[in-house]
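Okay, protein36.txt is below, compact mmCIF, C-alpha atoms:
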```
# COMPACT_ATOMS: atom_id res chain seq x y z
CA MET A 1 55.41 122.01 -193.72
CA LYS A 2 51.97 120.90 -194.89
CA LEU A 3 50.17 118.05 -193.21
CA ARG A 4 47.73 115.98 -195.22
CA ASN A 5 45.11 113.59 -193.94
CA VAL A 6 43.07 110.95 -195.74
CA ILE A 7 39.37 111.37 -195.02
CA GLN A 8 38.04 108.21 -196.67
CA HIS A 9 40.12 105.61 -194.80
CA GLY A 10 41.56 105.26 -191.30
CA ILE A 11 45.09 106.58 -190.81
CA ARG A 12 47.56 103.93 -189.65
CA SER A 13 51.02 105.58 -189.63
CA PHE A 14 53.10 108.53 -190.76
CA SER A 15 56.54 108.95 -192.25
CA SER A 16 58.92 111.87 -191.96
CA GLY A 17 59.88 114.17 -194.79
CA LYS A 18 58.81 117.40 -196.44
CA VAL A 19 55.33 116.02 -197.07
CA VAL A 20 53.75 113.70 -194.52
CA PHE A 21 52.12 110.63 -196.03
CA SER A 22 49.76 108.09 -194.51
CA ARG A 23 49.46 104.32 -194.83
CA PHE A 24 46.04 102.67 -195.01
CA ARG A 25 44.37 99.30 -194.88
CA SER A 26 42.45 99.93 -198.08
CA ALA A 27 44.19 99.81 -201.43
CA ALA A 28 41.68 102.24 -202.94
CA THR A 29 42.97 105.63 -204.08
CA PRO A 30 42.61 107.95 -201.06
CA THR A 31 41.13 111.44 -201.04
CA LEU A 32 43.60 113.89 -199.50
CA LYS A 33 42.72 117.00 -197.55
CA GLU A 34 45.16 119.50 -196.09
CA ILE A 35 44.56 119.84 -192.36
CA GLY A 36 47.42 122.01 -191.13
CA LEU A 37 51.12 122.69 -190.65
CA LEU A 38 53.57 120.41 -188.88
CA MET A 39 55.47 121.91 -185.98
CA PRO A 40 59.06 121.00 -184.99
CA SER A 41 59.00 118.48 -182.14
CA THR A 42 62.73 117.80 -181.62
CA ASN A 43 63.74 118.81 -178.09
CA THR A 44 60.33 120.39 -177.58
CA PRO A 45 59.64 121.10 -173.88
CA THR A 46 56.36 120.11 -172.25
CA PHE A 47 53.42 120.62 -174.63
CA GLU A 48 50.84 123.17 -173.47
CA ALA A 49 47.12 122.55 -173.01
CA GLY A 50 45.37 123.03 -176.34
CA GLN A 51 48.17 121.59 -178.47
CA ILE A 52 46.68 119.67 -181.40
CA PHE A 53 48.64 116.60 -182.51
CA ILE A 54 48.67 113.33 -184.39
CA HIS A 55 49.43 110.20 -182.34
CA ARG A 56 52.62 108.65 -183.68
CA THR A 57 51.42 105.03 -183.32
CA PHE A 58 47.60 105.07 -183.29
CA ALA A 59 47.38 107.95 -185.79
CA TYR A 60 44.38 109.69 -184.22
CA LYS A 61 44.05 113.45 -183.95
CA GLY A 62 44.14 114.63 -180.33
CA VAL A 63 44.38 117.71 -178.13
CA VAL A 64 46.42 118.03 -174.93
CA VAL A 65 44.39 118.68 -171.76
CA CYS A 66 47.08 118.53 -169.05
CA SER A 67 50.54 117.13 -168.41
CA PHE A 68 52.19 115.16 -165.61
CA PRO A 69 55.84 114.30 -164.95
CA CYS A 70 55.89 110.55 -164.35
CA ARG A 71 58.38 107.85 -163.39
CA LEU A 72 59.16 105.46 -166.24
CA HIS A 73 60.54 102.06 -165.17
CA GLU A 74 62.11 100.47 -168.23
CA LYS A 75 63.68 97.04 -168.55
CA ARG A 76 65.86 96.76 -171.63
CA SER A 77 65.82 93.66 -173.82
CA GLN A 78 68.09 90.82 -172.64
CA GLN A 79 69.07 92.85 -169.55
CA ASN A 80 68.08 92.30 -165.94
CA GLU A 81 68.78 95.87 -164.87
CA LYS A 82 66.00 98.43 -164.84
CA HIS A 83 66.31 102.07 -165.87
CA LEU A 84 64.33 104.75 -164.02
CA THR A 85 63.70 108.11 -165.70
CA THR A 86 61.11 110.86 -165.49
CA ARG A 87 59.07 111.64 -168.61
CA ASP A 88 56.13 113.89 -169.44
CA PHE A 89 52.79 112.15 -169.95
CA TYR A 90 49.58 113.83 -171.08
CA GLN A 91 45.85 113.32 -170.75
CA VAL A 92 44.33 114.07 -174.14
CA LEU A 93 40.99 114.15 -175.91
CA ILE A 94 40.59 112.18 -179.15
CA HIS A 95 38.80 113.62 -182.19
CA ARG A 96 35.48 111.79 -182.46
CA HIS A 97 35.87 111.02 -186.17
CA ASP A 98 38.98 108.95 -185.37
CA TRP A 99 37.38 106.68 -182.77
CA SER A 100 36.44 104.05 -185.33
CA HIS A 101 39.95 103.52 -186.71
CA MET A 102 42.30 104.25 -183.79
CA GLY A 103 42.57 100.53 -183.01
CA PHE A 104 41.60 100.28 -179.32
CA PRO A 105 38.44 100.59 -177.17
CA VAL A 106 37.07 104.11 -176.86
CA ASP A 107 36.25 103.80 -173.13
CA ILE A 108 39.67 103.13 -171.55
CA THR A 109 39.46 106.09 -169.10
CA SER A 110 37.46 105.76 -165.88
CA TYR A 111 37.20 107.34 -162.42
CA LEU A 112 35.12 107.09 -159.24
CA VAL A 113 32.26 109.46 -158.34
CA ASP A 114 29.81 109.53 -155.45
CA ALA A 115 26.69 107.50 -156.11
CA PRO A 116 23.33 109.35 -156.30
CA MET A 117 21.74 109.79 -152.88
CA GLU A 118 19.00 107.25 -153.60
CA ASN A 119 21.63 104.61 -154.46
CA LYS A 120 24.38 105.66 -152.07
CA ARG A 121 25.08 103.01 -149.44
CA HIS A 122 27.84 103.15 -146.85
CA GLY A 123 30.18 105.29 -148.95
CA GLN A 124 29.81 103.24 -152.11
CA LYS A 125 30.91 105.00 -155.30
CA MET A 126 30.29 104.46 -158.99
CA LEU A 127 32.84 103.86 -161.72
CA THR A 128 32.28 106.38 -164.51
CA LEU A 129 33.69 106.21 -168.05
CA ILE A 130 34.91 108.96 -170.37
CA ASN A 131 34.83 108.10 -174.05
CA GLY A 132 37.61 109.32 -176.31
CA MET A 133 40.24 110.12 -173.68
CA ASP A 134 43.77 108.70 -173.62
CA CYS A 135 47.05 109.09 -171.74
CA VAL A 136 50.11 109.47 -173.99
CA SER A 137 53.85 109.99 -173.63
CA HIS A 138 55.78 112.97 -174.96
CA GLU A 139 57.23 110.78 -177.70
CA ASP A 140 53.73 109.81 -178.91
CA ILE A 141 52.93 113.38 -179.99
CA ILE A 142 53.44 114.81 -183.49
CA PRO A 143 52.33 118.45 -182.99
CA PHE A 144 50.68 120.45 -185.74
CA THR A 145 48.66 123.62 -186.20
CA PRO A 146 45.27 122.98 -187.87
CA SER A 147 44.19 125.17 -190.76
CA GLY A 148 41.23 125.70 -193.09
CA GLY A 149 37.88 124.39 -191.92
CA VAL A 150 39.31 121.91 -189.43
CA ASN A 151 37.47 121.74 -186.10
CA PHE A 152 37.88 119.40 -183.13
CA ASP A 153 34.92 117.20 -182.17
CA HIS A 154 34.60 115.90 -178.60
CA ASP A 155 31.89 116.36 -175.95
CA LEU A 156 34.35 117.96 -173.51
CA PHE A 157 36.22 120.17 -175.98
CA ASP A 158 33.97 123.24 -175.78
CA HIS A 159 33.77 122.92 -171.98
CA ILE A 160 37.55 123.10 -171.59
CA PHE A 161 38.89 125.12 -174.53
CA ASN A 162 38.34 128.30 -176.48
CA ALA A 163 39.00 127.76 -180.18
CA ALA A 164 38.79 129.99 -183.25
CA HIS A 165 40.25 130.43 -186.72
CA ASP A 166 42.53 133.46 -186.93
CA GLY A 167 42.98 135.81 -189.87
CA SER A 168 45.44 133.51 -191.60
CA GLY A 169 43.07 130.55 -191.36
CA LEU A 170 44.93 128.71 -188.59
CA TYR A 171 42.92 127.11 -185.79
CA ASN A 172 44.03 128.43 -182.40
CA VAL A 173 43.11 126.42 -179.29
CA ALA A 174 43.66 127.52 -175.68
CA MET A 175 42.31 126.39 -172.32
CA LYS A 176 39.69 128.67 -170.85
CA PRO A 177 41.42 131.12 -168.47
CA GLU A 178 39.25 130.18 -165.50
CA LEU A 179 40.36 126.54 -165.81
CA VAL A 180 44.12 127.01 -166.20
CA GLU A 181 44.90 127.07 -162.48
CA ARG A 182 42.69 124.05 -161.84
CA TYR A 183 44.35 121.89 -164.46
CA THR A 184 47.91 123.20 -164.06
CA ASN A 185 47.87 122.28 -160.38
CA SER A 186 45.63 119.26 -160.77
CA ASN A 187 45.92 116.63 -158.06
CA ARG A 188 43.40 114.29 -159.65
CA SER A 189 45.33 111.05 -159.42
CA TRP A 190 42.91 109.35 -161.82
CA LEU A 191 44.20 111.75 -164.50
CA GLY A 192 47.92 111.51 -163.82
CA PRO A 193 49.64 108.11 -164.10
CA ARG A 194 51.30 106.99 -160.88
CA ASP A 195 54.02 104.97 -162.63
CA VAL A 196 54.73 103.69 -166.13
CA TYR A 197 56.42 100.32 -166.73
CA ARG A 198 57.92 99.16 -170.01
CA GLU A 199 59.57 95.93 -171.13
CA ARG A 200 60.38 94.46 -174.55
CA THR A 201 60.45 90.77 -175.46
CA GLU A 202 61.43 89.71 -178.99
CA ASN A 203 60.48 93.10 -180.47
CA ILE A 204 57.10 93.18 -178.70
CA GLU A 205 57.01 96.13 -176.30
CA VAL A 206 54.57 96.15 -173.37
CA THR A 207 53.86 99.44 -171.58
CA VAL A 208 51.69 99.60 -168.45
CA MET A 209 50.36 102.82 -166.87
CA THR A 210 48.81 102.80 -163.38
CA PHE A 211 46.25 105.25 -161.95
CA TYR A 212 44.98 105.37 -158.36
CA LEU A 213 41.21 105.98 -158.39
CA GLY A 214 40.65 106.09 -154.63
CA ALA A 215 38.89 104.15 -151.88
CA ASN A 216 35.48 102.56 -152.34
CA MET A 217 33.15 100.40 -150.30
CA VAL A 218 32.60 97.01 -151.95
CA GLY A 219 30.44 94.42 -150.19
CA GLY A 220 30.69 96.38 -146.96
CA GLN A 221 34.51 96.43 -147.02
CA GLN A 222 36.81 99.25 -148.02
CA GLN A 223 38.77 98.59 -151.20
CA HIS A 224 41.34 100.72 -152.99
CA MET A 225 40.68 100.88 -156.71
CA TRP A 226 43.31 101.17 -159.40
CA ARG A 227 43.04 101.50 -163.16
CA TYR A 228 45.78 100.24 -165.45
CA VAL A 229 46.29 100.62 -169.18
CA ILE A 230 48.35 98.05 -171.06
CA ARG A 231 49.73 98.87 -174.50
CA ILE A 232 51.25 96.14 -176.70
CA GLU A 233 53.28 97.28 -179.70
CA ASN A 234 55.04 95.26 -182.39
CA LYS A 235 58.32 97.08 -183.06
CA GLN A 236 58.82 95.01 -186.22
CA PRO A 237 55.28 95.14 -187.62
CA GLU A 238 56.34 93.63 -190.94
CA ASN A 239 56.52 90.37 -188.97
CA GLY A 240 52.94 90.13 -187.78
CA VAL A 241 51.86 88.40 -184.57
CA ILE A 242 48.52 87.58 -182.94
CA LEU A 243 47.83 87.93 -179.21
CA ARG A 244 46.30 84.56 -178.29
CA GLU A 245 46.27 84.43 -174.46
CA ARG A 246 46.93 86.52 -171.39
CA THR A 247 47.91 85.52 -167.85
CA LEU A 248 48.01 88.04 -165.01
CA LYS A 249 48.99 87.36 -161.40
CA VAL A 250 48.12 89.76 -158.57
CA TYR A 251 49.80 89.51 -155.18
CA SER A 252 48.64 91.46 -152.12
CA LEU A 253 49.47 90.68 -148.48
CA ASN A 254 50.02 86.92 -148.88
CA ASN A 255 47.06 86.55 -151.26
CA MET A 256 47.67 85.45 -154.83
CA ASN A 257 45.07 85.68 -157.60
CA GLN A 258 45.53 84.61 -161.20
CA MET A 259 43.55 85.78 -164.24
CA HIS A 260 43.81 83.81 -167.46
CA GLY A 261 41.90 84.12 -170.70
CA HIS A 262 41.96 84.18 -174.48
CA GLY A 263 43.08 87.45 -176.00
CA VAL A 264 42.13 90.72 -174.33
CA VAL A 265 38.73 92.46 -173.97
CA GLY A 266 37.12 89.75 -176.07
CA LYS A 267 39.57 90.11 -178.94
CA GLN A 268 42.70 88.44 -180.25
CA PRO A 269 44.32 91.52 -181.81
CA GLU A 270 46.77 91.13 -184.66
CA LEU A 271 49.82 93.40 -184.52
CA ASN A 272 51.06 93.98 -188.05
CA ALA A 273 52.00 96.76 -190.47
CA ALA A 274 48.41 98.01 -190.63
CA THR A 275 47.77 97.86 -186.88
CA PRO A 276 51.12 97.72 -185.06
CA ALA A 277 49.72 98.33 -181.56
CA PHE A 278 46.73 97.70 -179.31
CA GLN A 279 45.86 98.93 -175.84
CA PHE A 280 43.17 98.20 -173.26
CA SER A 281 42.25 99.20 -169.73
CA SER A 282 40.99 97.38 -166.65
CA THR A 283 40.51 98.04 -162.92
CA LEU A 284 41.80 96.29 -159.84
CA GLU A 285 40.58 96.36 -156.22
CA LEU A 286 43.01 95.91 -153.31
CA LYS A 287 42.35 96.00 -149.57
CA HIS A 288 45.43 98.06 -148.76
CA THR A 289 47.20 101.03 -150.32
CA LYS A 290 50.58 99.25 -150.18
CA GLY A 291 51.92 95.80 -150.92
CA GLY A 292 50.15 95.18 -154.24
CA HIS A 293 52.04 93.69 -157.21
CA MET A 294 50.99 92.43 -160.63
CA TRP A 295 52.91 90.65 -163.38
CA GLY A 296 52.20 88.19 -166.17
CA ARG A 297 52.64 87.30 -169.81
CA PHE A 298 50.99 87.36 -173.21
CA LYS A 299 51.16 84.30 -175.45
CA MET A 300 51.76 85.47 -179.02
CA GLU A 301 51.58 83.55 -182.29
CA ARG A 302 53.78 84.30 -185.29
CA GLU A 303 52.57 84.05 -188.88
CA ASN A 304 54.20 80.60 -189.16
CA GLY A 305 52.23 79.33 -186.15
CA VAL A 306 55.10 79.43 -183.64
CA LEU A 307 54.03 80.49 -180.13
CA PHE A 308 56.17 82.56 -177.74
CA ASP A 309 55.69 84.41 -174.45
CA VAL A 310 55.93 88.17 -173.97
CA HIS A 311 56.56 89.42 -170.44
CA ILE A 312 54.28 91.90 -168.70
CA PRO A 313 56.55 93.90 -166.38
CA THR A 314 56.14 93.64 -162.62
CA ILE A 315 53.88 96.50 -161.51
CA VAL A 316 53.68 98.01 -158.03
CA PHE A 317 50.38 99.40 -156.71
CA GLU A 318 51.10 101.80 -153.84
CA SER A 319 49.49 105.08 -152.86
CA THR A 320 49.04 107.13 -149.69
CA GLU A 321 47.70 110.27 -151.37
CA GLU A 322 44.32 111.90 -150.99
CA ILE A 323 42.74 112.45 -154.38
CA ASN A 324 40.49 115.03 -155.96
CA GLU A 325 37.53 113.14 -157.39
CA THR A 326 35.97 116.11 -159.21
CA PRO A 327 34.96 114.88 -162.68
CA ILE A 328 35.59 116.82 -165.86
CA ALA A 329 32.61 115.53 -167.83
CA THR A 330 30.39 118.59 -167.35
CA PRO A 331 30.90 122.34 -167.79
CA GLU A 332 30.43 122.88 -164.04
CA ALA A 333 33.01 120.25 -163.16
CA ALA A 334 35.50 121.36 -165.79
```
Let's see the structure in the file written out as structure tokens.
Amino acid sequence: MKLRNVIQHGIRSFSSGKVVFSRFRSAATPTLKEIGLLMPSTNTPTFEAGQIFIHRTFAYKGVVVCSFPCRLHEKRSQQNEKHLTTRDFYQVLIHRHDWSHMGFPVDITSYLVDAPMENKRHGQKMLTLINGMDCVSHEDIIPFTPSGGVNFDHDLFDHIFNAAHDGSGLYNVAMKPELVERYTNSNRSWLGPRDVYRERTENIEVTVMTFYLGANMVGGQQQHMWRYVIRIENKQPENGVILRERTLKVYSLNNMNQMHGHGVVGKQPELNAATPAFQFSSTLELKHTKGGHMWGRFKMERENGVLFDVHIPTIVFESTEEINETPIATPEAA
């Protein structure tokens, strides 16, 4: 099954069938280029490192780095009961050429590293960002095998993978043998999500992933840092909505803090047929490894001006694990 990609406009979505088509913001006639062969994904077990794919919602081209089984807490619409399952989630690299149209900030992945000796004070660490890295669920992945002159562009790609075109023109990607053990048995908690929470309100689905980054000294006091990624998706994108406001409440050991603002990360994203989803990341500092909770709401506006609230599921921040803080941003670290 041939996979085609438009190279003049950003990809927004894909449909199933013998030939895979793309939908675009621009009405101009697209230029098509064959990029590979679709692979069957029904009942596929855990994807291996080096698997190239198209993201089902954000439509970027990615490559799997490592996988993690993760608890998914899901609250069904109009139901109070929660469903707990275990799903595979993956840390992936995003093809650089897709950063401009994937529809969310490029720097949503972060981790803590030791500060340089000249700046290191009382165990203080620095928050470091990785551009073009995402965490995705098994269902997000549409696997394919690249062909022709297709290559993957990311600063970390050549540090982690061996890649070459075989005799038939297909692009084979595999993790470097010396790194397989390190990533297969990775205990880097900043890579693997601790828990994933999902709740749907009036066809707007909110998914939250939590990552424990470790302990850090802030203002002379030890704090435990977490990263969370919130994804908002309109499951009926033909009925567009705009995210107008956010309200988040954080509770930890009898302390309550509230964060309120317009939109998210300086934007008021519109979720419609062209851009059905948006995601962003932030960090949170707590004094203790247990007892932290966060919940809230998004205020959305329909096309007719009607406002309604979308629930952000209640999130638990708890960790007692030691973490491996080795970065992956350099050949030595990888």
May I have the centre and edge lengths, in Å to one decimal, of an axis-aligned box around the listed atoms of stretch 258-262 of chain A with 6 Å added to every side, as AutoDock Vina command-line options?
```
--center_x 43.7 --center_y 84.8 --center_z -167.8 --size_x 15.6 --size_y 14.0 --size_z 25.3
```
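For the atom pair formed by atom CA of A:Met225 and atom CA of A:Val208, the distance is 16.1 Å, given to one decimal.
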Interatomic distance between atom CA of A:His293 and atom CA of A:Arg246?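 We find that atom CA of A:His293 and atom CA of A:Arg246 lie 16.7 Å from each other.
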Distance query A:Glu238 at most 9 Å, all atoms listed in the file, self and fewer than 6 positions along chain excluded, as a ChimeraX atom specification: /A:272-273,276
Closest contacts (stretch 202-285 of chain A/stretch 123-136 of chain A, max 12 Å, only C-alpha atoms) as a tab-separated table:
```
residue	atom	partner	partner_atom	distance
A:Thr207	CA	A:Val136	CA	11.0
A:Val208	CA	A:Cys135	CA	11.1
A:Met209	CA	A:Cys135	CA	8.6
A:Thr210	CA	A:Cys135	CA	10.6
A:Phe211	CA	A:Cys135	CA	10.5
A:Leu213	CA	A:Leu127	CA	9.3
A:Gly214	CA	A:Lys125	CA	9.8
A:Ala215	CA	A:Lys125	CA	8.7
A:Asn216	CA	A:Gln124	CA	5.7
A:Met217	CA	A:Gln124	CA	4.7
A:Val218	CA	A:Gln124	CA	6.8
A:Gly219	CA	A:Gln124	CA	9.0
A:Gly220	CA	A:Gln124	CA	8.6
A:Gln221	CA	A:Gln124	CA	9.7
A:Gln222	CA	A:Gly123	CA	9.0
A:Gln223	CA	A:Gln124	CA	10.1
A:His224	CA	A:Lys125	CA	11.5
A:Met225	CA	A:Leu127	CA	9.8
A:Trp226	CA	A:Leu127	CA	11.1
A:Arg227	CA	A:Leu127	CA	10.6
A:Tyr228	CA	A:Cys135	CA	10.9
A:Val229	CA	A:Cys135	CA	8.9
A:Ile230	CA	A:Cys135	CA	11.1
A:Arg231	CA	A:Val136	CA	10.6
A:Gln279	CA	A:Asp134	CA	10.2
A:Phe280	CA	A:Asp134	CA	10.5
A:Ser281	CA	A:Asp134	CA	10.4
A:Ser282	CA	A:Leu127	CA	11.5
A:Thr283	CA	A:Leu127	CA	9.7
A:Leu284	CA	A:Leu127	CA	11.9
```
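Across A:Leu248, A:Leu243, A:Cys66, A:Ile52, the tightest approach to A:Gly266 is made by A:Leu243 when counting all atoms listed in the file.
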